[in-house]
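Structure below is entry-v2.txt: compact mmCIF, C-alpha atoms.
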# COMPACT_ATOMS: atom_id res chain seq x y z
CA MET A 1 157.85 72.98 154.35
CA ALA A 2 157.43 69.38 153.46
CA SER A 3 154.30 69.18 155.61
CA SER A 4 152.49 71.75 153.35
CA VAL A 5 152.49 69.31 150.37
CA GLN A 6 148.92 67.97 150.01
CA THR A 7 148.38 64.32 149.38
CA PRO A 8 145.46 63.33 147.07
CA ARG A 9 142.28 62.59 149.01
CA GLN A 10 141.29 58.95 148.80
CA VAL A 11 137.61 58.46 147.91
CA PRO A 12 136.19 55.11 148.99
CA GLU A 13 135.10 53.10 145.96
CA GLU A 14 131.53 52.67 147.25
CA LEU A 15 131.08 56.47 147.23
CA THR A 16 132.14 56.85 143.58
CA PRO A 17 128.97 57.27 141.49
CA ALA A 18 128.38 54.95 138.55
CA PRO A 19 128.69 56.65 135.14
CA ARG A 20 125.34 58.35 134.53
CA HIS A 21 124.94 56.95 131.02
CA GLU A 22 124.73 53.46 132.52
CA LEU A 23 121.96 54.60 134.88
CA ASP A 24 120.10 56.24 131.96
CA GLU A 25 120.48 53.07 129.88
CA ALA A 26 118.73 51.08 132.60
CA ARG A 27 115.69 53.36 132.34
CA HIS A 28 115.27 52.95 128.54
CA PRO A 29 111.98 51.41 127.39
CA GLY A 30 111.66 47.77 126.39
CA VAL A 31 111.09 46.15 122.99
CA ARG A 32 107.30 46.02 123.47
CA GLN A 33 107.10 49.76 124.15
CA TYR A 34 109.21 50.50 121.05
CA ILE A 35 106.81 48.44 118.92
CA VAL A 36 103.76 50.23 120.39
CA VAL A 37 105.36 53.61 119.56
CA ALA A 38 106.09 52.42 115.98
CA ILE A 39 102.45 51.33 115.53
CA VAL A 40 101.23 54.74 116.74
CA LEU A 41 103.65 56.43 114.30
CA ALA A 42 102.38 54.31 111.41
CA LEU A 43 98.73 55.07 112.28
CA ALA A 44 99.48 58.80 112.55
CA THR A 45 101.09 58.72 109.08
CA LEU A 46 98.03 56.92 107.71
CA ALA A 47 95.78 59.56 109.31
CA GLU A 48 97.85 62.34 107.67
CA VAL A 49 97.43 60.79 104.22
CA VAL A 50 93.68 60.26 104.73
CA LEU A 51 93.31 63.91 105.80
CA TYR A 52 95.13 65.02 102.63
CA TYR A 53 92.43 63.40 100.49
CA LEU A 54 89.48 64.75 102.52
CA ASP A 55 87.91 67.97 101.32
CA LEU A 56 88.61 69.99 104.48
CA PRO A 57 88.94 73.78 104.81
CA ARG A 58 92.61 74.76 104.45
CA GLY A 59 92.92 76.12 108.01
CA LEU A 60 91.55 72.94 109.58
CA LEU A 61 93.68 70.73 107.32
CA VAL A 62 96.88 72.64 108.17
CA GLY A 63 96.06 72.53 111.90
CA LEU A 64 95.41 68.78 111.90
CA LEU A 65 98.49 67.99 109.79
CA LEU A 66 100.68 70.09 112.09
CA PHE A 67 99.21 68.33 115.12
CA PHE A 68 100.07 64.89 113.70
CA ALA A 69 103.56 66.00 112.57
CA VAL A 70 104.39 67.48 116.00
CA SER A 71 103.04 64.36 117.74
CA LYS A 72 105.16 62.05 115.57
CA PHE A 73 108.22 64.27 116.08
CA ALA A 74 107.73 64.21 119.88
CA LEU A 75 107.21 60.43 119.98
CA VAL A 76 110.45 59.72 118.10
CA VAL A 77 112.47 62.22 120.17
CA LEU A 78 111.07 61.15 123.55
CA PHE A 79 111.01 57.35 123.08
CA PHE A 80 113.38 56.35 120.26
CA MET A 81 115.97 59.03 121.09
CA HIS A 82 115.34 58.49 124.84
CA LEU A 83 115.05 62.17 125.75
CA LYS A 84 112.20 61.25 128.12
CA PHE A 85 114.53 58.96 130.05
CA ASP A 86 118.03 60.44 129.64
CA ASN A 87 119.71 63.20 131.59
CA PRO A 88 117.93 66.62 131.22
CA ILE A 89 121.16 68.22 129.95
CA PHE A 90 120.74 66.39 126.61
CA ARG A 91 117.15 67.64 126.38
CA ARG A 92 118.25 71.23 127.05
CA LEU A 93 120.93 71.08 124.36
CA PHE A 94 118.53 69.82 121.70
CA VAL A 95 115.57 72.01 122.69
CA THR A 96 117.81 75.10 122.64
CA GLY A 97 118.77 74.43 119.01
CA LEU A 98 115.21 73.55 118.08
CA LEU A 99 113.64 76.64 119.67
CA LEU A 100 116.34 78.87 118.20
CA ALA A 101 115.62 77.45 114.72
CA ILE A 102 111.84 77.78 115.13
CA SER A 103 112.02 81.38 116.37
CA VAL A 104 114.60 82.57 113.80
CA TYR A 105 112.78 81.04 110.81
CA ALA A 106 109.34 82.07 112.08
CA VAL A 107 110.60 85.68 111.97
CA VAL A 108 112.03 85.09 108.46
CA LEU A 109 108.74 83.62 107.24
CA VAL A 110 106.71 86.47 108.75
CA ILE A 111 108.98 89.16 107.27
CA PHE A 112 109.09 87.63 103.78
CA GLY A 113 105.43 86.64 103.98
CA ILE A 114 104.37 90.20 104.76
CA HIS A 115 106.82 91.71 102.24
CA PRO A 116 106.95 89.09 99.46
CA GLY A 117 109.05 91.40 97.28
CA GLY A 118 111.78 91.40 99.91
CA ASN A 119 113.25 88.14 98.65
CA GLN A 120 113.90 89.56 95.20
CA GLY A 121 116.74 91.75 96.48
CA MET B 1 161.07 45.30 135.63
CA ALA B 2 157.91 43.36 136.29
CA GLU B 3 156.40 46.44 137.90
CA ARG B 4 157.25 48.61 134.87
CA ALA B 5 155.70 46.04 132.51
CA ALA B 6 152.50 46.00 134.57
CA THR B 7 152.04 49.79 134.36
CA ALA B 8 152.38 49.69 130.56
CA VAL B 9 149.11 47.73 130.19
CA PRO B 10 146.38 50.16 128.93
CA GLU B 11 143.53 50.78 131.33
CA PRO B 12 139.92 50.16 130.23
CA GLU B 13 138.02 53.25 128.95
CA VAL B 14 136.00 54.96 131.68
CA HIS B 15 133.83 58.11 131.39
CA ALA B 16 135.51 60.20 134.07
CA THR B 17 133.99 63.52 133.03
CA SER B 18 133.13 66.50 135.22
CA THR B 19 129.40 66.00 134.48
CA GLY B 20 129.44 62.21 134.79
CA LEU B 21 127.94 62.18 131.29
CA SER B 22 129.51 60.91 128.12
CA ASN B 23 131.20 63.80 126.29
CA VAL B 24 130.60 62.26 122.86
CA LYS B 25 126.88 61.96 123.58
CA LEU B 26 126.80 65.61 124.69
CA ALA B 27 128.62 66.54 121.48
CA MET B 28 126.13 64.53 119.40
CA TRP B 29 123.15 66.32 120.98
CA ALA B 30 124.82 69.71 120.44
CA PHE B 31 125.44 68.72 116.79
CA LEU B 32 121.80 67.67 116.36
CA GLY B 33 120.67 70.98 117.90
CA SER B 34 122.76 72.82 115.32
CA GLU B 35 121.38 70.64 112.53
CA CYS B 36 117.91 71.99 113.44
CA LEU B 37 119.14 75.37 112.22
CA LEU B 38 120.44 73.93 108.93
CA PHE B 39 117.21 72.12 108.11
CA GLY B 40 115.16 75.03 109.44
CA ALA B 41 116.82 77.24 106.82
CA LEU B 42 116.15 74.74 104.01
CA ILE B 43 112.51 74.14 105.00
CA SER B 44 111.66 77.82 105.46
CA THR B 45 113.31 78.67 102.11
CA PHE B 46 111.13 76.03 100.49
CA LEU B 47 107.99 77.40 102.20
CA LEU B 48 108.82 80.87 100.88
CA TYR B 49 109.38 79.72 97.29
CA GLN B 50 106.95 76.82 96.85
CA GLY B 51 104.38 79.09 95.18
CA ARG B 52 106.86 80.34 92.58
CA SER B 53 106.73 77.73 89.81
CA GLU B 54 107.28 80.39 87.11
CA GLY B 55 105.33 78.59 84.40
CA GLY B 56 106.86 75.19 85.23
CA PRO B 57 105.17 72.24 86.94
CA THR B 58 103.47 73.11 90.26
CA PRO B 59 103.85 71.00 93.44
CA SER B 60 100.32 69.57 93.18
CA LYS B 61 101.00 68.53 89.56
CA VAL B 62 104.21 66.59 90.19
CA TYR B 63 103.76 65.11 93.66
CA ASP B 64 102.82 61.44 93.95
CA ILE B 65 101.43 61.37 97.51
CA PRO B 66 100.75 57.59 97.76
CA PHE B 67 104.33 56.87 96.65
CA THR B 68 105.89 59.39 99.06
CA SER B 69 103.64 58.11 101.87
CA VAL B 70 105.08 54.61 101.44
CA SER B 71 108.62 56.08 101.47
CA SER B 72 107.80 57.96 104.69
CA PHE B 73 106.44 54.76 106.24
CA VAL B 74 109.65 52.92 105.28
CA LEU B 75 111.82 55.59 106.94
CA LEU B 76 109.64 55.59 110.08
CA MET B 77 109.97 51.81 110.39
CA SER B 78 113.76 52.12 110.00
CA SER B 79 113.70 54.08 113.28
CA LEU B 80 112.08 51.06 114.93
CA THR B 81 114.73 48.65 113.59
CA MET B 82 117.46 51.08 114.70
CA VAL B 83 116.19 51.22 118.26
CA LEU B 84 115.84 47.41 118.27
CA ALA B 85 119.54 47.18 117.26
CA LEU B 86 120.45 49.32 120.27
CA SER B 87 118.25 47.24 122.53
CA ALA B 88 119.94 44.05 121.22
CA ILE B 89 123.51 45.25 121.94
CA GLN B 90 122.45 46.44 125.40
CA ARG B 91 121.24 42.86 126.00
CA ARG B 92 124.67 41.66 124.71
CA ASP B 93 123.04 39.99 121.68
CA GLU B 94 125.51 40.91 118.92
CA PRO B 95 124.08 38.76 116.06
CA LYS B 96 120.64 40.33 116.54
CA MET B 97 122.19 43.79 116.68
CA ARG B 98 123.90 43.19 113.33
CA ALA B 99 120.63 41.89 111.83
CA TRP B 100 118.69 44.99 112.98
CA LEU B 101 121.46 47.32 111.80
CA MET B 102 121.38 45.65 108.37
CA ALA B 103 117.57 45.93 108.30
CA THR B 104 117.86 49.65 109.11
CA ALA B 105 120.44 50.16 106.34
CA LEU B 106 118.24 48.27 103.85
CA LEU B 107 115.18 50.36 104.75
CA GLY B 108 117.32 53.48 104.34
CA MET B 109 118.46 52.26 100.91
CA THR B 110 114.81 51.66 99.96
CA PHE B 111 114.00 55.25 100.92
CA ILE B 112 116.93 56.58 98.87
CA ALA B 113 115.94 54.43 95.88
CA GLY B 114 112.45 55.93 96.14
CA GLN B 115 113.92 59.43 96.22
CA VAL B 116 116.05 58.74 93.13
CA TYR B 117 112.94 57.44 91.33
CA GLU B 118 110.96 60.51 92.42
CA PHE B 119 113.68 62.94 91.28
CA THR B 120 113.96 61.16 87.91
CA THR B 121 110.19 61.38 87.41
CA PHE B 122 110.19 65.08 88.29
CA VAL B 123 113.02 65.83 85.83
CA ASN B 124 111.15 63.92 83.09
CA GLU B 125 108.10 66.09 83.81
CA GLY B 126 110.16 69.26 83.30
CA LEU B 127 111.03 70.05 86.92
CA SER B 128 114.82 70.40 86.99
CA LEU B 129 117.09 71.96 89.60
CA THR B 130 117.10 75.33 87.82
CA SER B 131 113.60 75.46 86.27
CA SER B 132 112.03 77.60 89.03
CA ALA B 133 112.49 78.92 92.57
CA PHE B 134 110.14 76.15 93.73
CA SER B 135 112.18 73.39 92.07
CA SER B 136 115.54 74.74 93.32
CA SER B 137 114.34 74.97 96.93
CA PHE B 138 112.61 71.57 96.69
CA PHE B 139 115.67 69.73 95.32
CA LEU B 140 117.98 71.50 97.78
CA MET B 141 115.85 70.58 100.80
CA THR B 142 115.11 66.96 99.87
CA GLY B 143 118.60 66.48 98.37
CA PHE B 144 120.28 67.59 101.61
CA HIS B 145 118.03 65.22 103.54
CA GLY B 146 118.85 62.39 101.13
CA ALA B 147 122.58 63.09 101.59
CA HIS B 148 122.11 62.80 105.36
CA VAL B 149 120.29 59.47 104.93
CA THR B 150 123.11 58.23 102.67
CA GLY B 151 125.68 59.24 105.31
CA GLY B 152 123.62 57.35 107.90
CA ILE B 153 123.54 54.22 105.73
CA LEU B 154 127.36 54.29 105.41
CA LEU B 155 127.61 54.73 109.20
CA LEU B 156 125.34 51.72 109.82
CA LEU B 157 127.24 49.52 107.36
CA SER B 158 130.55 50.47 108.98
CA LEU B 159 129.08 49.50 112.39
CA VAL B 160 128.11 46.08 110.99
CA GLY B 161 131.67 45.71 109.60
CA MET B 162 133.20 46.72 112.96
CA SER B 163 130.98 44.23 114.78
CA LEU B 164 131.94 41.40 112.43
CA ASP B 165 135.57 42.37 113.03
CA GLY B 166 135.06 42.12 116.80
CA ARG B 167 135.61 45.86 117.31
CA LEU B 168 132.07 46.61 118.57
CA PRO B 169 131.62 44.64 121.79
CA PRO B 170 128.56 45.22 124.04
CA GLU B 171 130.73 47.47 126.25
CA ARG B 172 130.75 49.95 123.35
CA SER B 173 126.96 50.06 122.99
CA GLU B 174 127.17 53.85 123.17
CA THR B 175 128.61 53.88 119.64
CA VAL B 176 125.39 52.25 118.38
CA GLU B 177 123.35 54.70 120.47
CA LEU B 178 125.12 57.68 118.85
CA ALA B 179 124.53 56.29 115.36
CA GLY B 180 120.90 55.77 116.39
CA LEU B 181 120.52 59.39 117.52
CA TYR B 182 121.74 60.56 114.10
CA TRP B 183 119.42 58.15 112.31
CA HIS B 184 116.35 59.16 114.34
CA PHE B 185 117.15 62.82 113.73
CA VAL B 186 117.11 62.20 109.98
CA ASP B 187 113.72 60.54 110.50
CA ILE B 188 112.22 63.49 112.43
CA VAL B 189 113.44 65.90 109.77
CA TRP B 190 111.53 63.85 107.19
CA ILE B 191 108.40 63.92 109.39
CA VAL B 192 108.50 67.73 109.11
CA ILE B 193 109.35 67.76 105.38
CA PHE B 194 106.60 65.27 104.55
CA ALA B 195 103.96 67.37 106.30
CA ALA B 196 105.20 70.84 105.33
CA ALA B 197 106.27 70.21 101.73
CA TYR B 198 104.02 67.38 100.51
CA LEU B 199 100.78 67.34 102.49
CA ILE B 200 100.08 70.99 103.40
CA PRO B 201 98.71 72.60 100.25
CA THR B 202 100.40 75.73 98.88
CA ALA B 203 98.67 78.97 99.96
CA THR B 204 96.99 80.70 97.04
Do you think you could lay out the structure here as structure tokens?
Amino acid sequence: MASSVQTPRQVPEELTPAPRHELDEARHPGVRQYIVVAIVLALATLAEVVLYYLDLPRGLLVGLLLFFAVSKFALVVLFFMHLKFDNPIFRRLFVTGLLLAISVYAVVLVIFGIHPGGNQG
Amino acid sequence: MAERAATAVPEPEVHATSTGLSNVKLAMWAFLGSECLLFGALISTFLLYQGRSEGGPTPSKVYDIPFTSVSSFVLLMSSLTMVLALSAIQRRDEPKMRAWLMATALLGMTFIAGQVYEFTTFVNEGLSLTSSAFSSSFFLMTGFHGAHVTGGILLLLSLVGMSLDGRLPPERSETVELAGLYWHFVDIVWIVIFAAAYLIPTAT
């Protein structure tokens, strides 16, 4: 009977993987890359404001402003929040919430946009 | 006796999780994913109601785009100082980390001061919380964002305090990273609000 008791398996220390967050940390960008990203963000904001004062057709203006906003959003998330470099599980968690929000509220906007009286109860 | 005393010494903190990833970082990303839904609700409510000024001031009449652009720039640059604070602690440079954290908090305070000024101006121009559907949705959306920024400032100041107290050594750089994730999220929400609420003109 005593022989059936299992003893814990010993794993050699060299086979134990390092915590993944330490590996991810090593892949993070350097100070110079952070500054380049910040300059691009500042220039994109300047471009947005300039576009606002130009006399562009509404459709073109909305398209360009959305392009700059999405680009700025992606730059901050990928570089400052390190989603480009970190484990894909973090990316999946965030993108799930983001896509859920976009799809749910796109439906809300379409429904209330088509039936504007619907929001008056 | 000596053996018993030796086992009582606490072991250093190690992330021995089933995924090999930090659980608190996973929790922070899940929280930020859920925050997308909160701000999505506030932004889409604003987009639905922005055309309903009901005789009160309209968005184009009250907005001061140059002023808000400077505020947006300040918040964007606070993301840079935040990521430089993280970079400093990862290089085991604690004084620089504290300096960048303080810079981030100060930029955040500047943004909040600008928002208080903007709200005061709007109220003086007749745009109060209850004056129209546009004003209610505007104050709710930007107010919630401002509350998040204020929470972030308190978080940053507490990190500076912990570091001065010796309770934030370089081994705990993940704490600064988590605070940074929250701060950057607040920044990306403002990127969307600035474009959707201020720059994109109301459909007629």
Report the closest atom pair, with its distance in Å rounded to one decimal, for each residue of chain A that has an atom no farther than 8 Å from chain B; count all atoms listed in the file, sort by chain and then rising residue number, and write it as CSV.
residue,atom,partner,partner_atom,distance
A:Pro19,CA,B:Gly20,CA,5.6
A:Arg20,CA,B:Gly20,CA,5.6
A:His21,CA,B:Leu21,CA,6.0
A:Gly30,CA,B:Ser87,CA,7.7
A:Val31,CA,B:Leu84,CA,6.8
A:Tyr34,CA,B:Leu80,CA,6.8
A:Ile35,CA,B:Leu80,CA,7.1
A:Ala38,CA,B:Leu80,CA,6.2
A:Leu41,CA,B:Leu76,CA,7.4
A:Ala42,CA,B:Phe73,CA,6.6
A:Thr45,CA,B:Phe73,CA,7.2
A:Glu48,CA,B:Leu199,CA,7.8
A:Val49,CA,B:Ser69,CA,7.2
A:Tyr52,CA,B:Leu199,CA,6.1
A:Arg58,CA,B:Pro201,CA,7.7
A:Leu61,CA,B:Ile200,CA,7.5
A:Val62,CA,B:Ile200,CA,6.0
A:Leu65,CA,B:Ala195,CA,6.5
A:Leu66,CA,B:Ala195,CA,7.2
A:Ala69,CA,B:Ile191,CA,6.2
A:Lys72,CA,B:Ile191,CA,7.2
A:Phe73,CA,B:Ile188,CA,5.5
A:Val76,CA,B:His184,CA,7.0
A:Val77,CA,B:His184,CA,7.6
A:Phe80,CA,B:Val83,CA,6.2
A:Met81,CA,B:Leu181,CA,5.8
A:Phe90,CA,B:Trp29,CA,6.1
A:Leu93,CA,B:Ala30,CA,5.7
A:Phe94,CA,B:Gly33,CA,4.5
A:Val95,CA,B:Gly33,CA,7.1
A:Thr96,CA,B:Gly33,CA,6.9
A:Gly97,CA,B:Gly33,CA,4.1
A:Leu98,CA,B:Cys36,CA,5.6
A:Leu100,CA,B:Leu37,CA,7.5
A:Ala101,CA,B:Leu37,CA,4.8
A:Ile102,CA,B:Gly40,CA,7.1
A:Tyr105,CA,B:Ser44,CA,6.3
A:Val108,CA,B:Ser44,CA,7.9
A:Leu109,CA,B:Ser44,CA,6.7
A:Phe112,CA,B:Leu48,CA,7.4
A:Gly113,CA,B:Leu48,CA,7.4
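The interatomic distance for the pair CA of Pro170 (chain B) and CA of Gly151 (chain B) works out to 23.6 Å.
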Task: Two-atom distance - CA of Gly161 (chain B), CA of Ala147 (chain B) (Å) - done: 21.2 Å
Open item on the list: Report, in Å with one decimal, the straight-line distance from CA of Val123 (chain B) to CA of Gly108 (chain B).
Closed with: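 CA of Gly108 (chain B) lies at a distance of 22.7 Å from CA of Val123 (chain B).
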Would you compute an axis-aligned box for region 59-69 of chain B, covering every atom listed for it in the file with 3 Å of margin on each side, and report centre and edge lengths in Å to one decimal as JSON?
{"center_x": 103.1, "center_y": 63.9, "center_z": 95.7, "size_x": 11.6, "size_y": 20.1, "size_z": 18.3}
